Amino acid sequence: AAVNEFKRNYNAGGIDNQQYDAFLKQFREYINVEKPSFGSNIGYMFEYQFGYMYWRYFMWNFVGRQDDIQGKYTDQNGNWLSGIGFIDEARLGNQDQLPSDAKNNPARNTYYFLPLILGLLGLIFHFSKDKKSFWVLLV
């Protein structure tokens, strides 16, 4: 009851962030209320935001997609999939033994790295022809 009342007061603007922090510190033995350091925020950004979220989305568009199930950082759903057996098997396990609903998922597609390779070749070609506009386009 006290927690719900506190939430209502905070959402209504009656409690500021310092009071919120003080309230959480009362429950220190039950929850971790320490503010993250700048270093841990940067680590999170590179590991999760860039390393997992951005890289996965990038690879969906240029390599292929496993399925349309919302993946979590710790599970095997929602990953990128190349269509090249030994690469996919090393990352995701044996793809030949999947159930039929996973194999026939409408979101499942494989591009065999072709869009990625063509994009990289295009970058190299552009760089070799016009370095000035290459850097503008890259930015």
# chains A, B, ... in the order shown; residues from 1 in each chain; ligands from 1

$ closest_atom_pairs --of "segment 76-128 of chain A" --to "segment 43-52 of chain A" --cutoff "12 Å" --atoms "only C-alpha atoms" --output "CSV"
residue,atom,partner,partner_atom,distance
A:Gly78,CA,A:Tyr52,CA,10.8
A:Asn79,CA,A:Tyr52,CA,9.4
A:Trp80,CA,A:Tyr52,CA,10.7

$ write_last_selection --atoms "N, CA, C and O atoms" --output "compact mmCIF listing (two decimals), in the first residue's frame"
# COMPACT_ATOMS: atom_id res chain seq x y z
N GLY A 78 14.98 -14.57 -32.43
CA GLY A 78 15.16 -13.25 -33.02
C GLY A 78 16.57 -12.94 -33.50
O GLY A 78 16.93 -11.78 -33.62
N ASN A 79 17.36 -13.94 -33.78
CA ASN A 79 18.74 -13.72 -34.22
C ASN A 79 18.83 -13.55 -35.73
O ASN A 79 17.87 -13.78 -36.45
N TRP A 80 19.99 -13.18 -36.19
CA TRP A 80 20.23 -13.13 -37.63
C TRP A 80 20.65 -14.52 -38.09
O TRP A 80 21.16 -15.32 -37.33

$ residues_around --residues "segment 112-127 of chain A" --least-positions-apart "3" --cutoff "12 Å" --atoms "only C-alpha atoms" --output "PyMOL selection string"
chain A and resi 58-65+80-88+109+130-138

$ residues_around --residues "segment 18-34 of chain A" --least-positions-apart "4" --cutoff "12 Å" --atoms "only C-alpha atoms" --output "PyMOL selection string"
chain A and resi 2-3+6-11+13-14+40
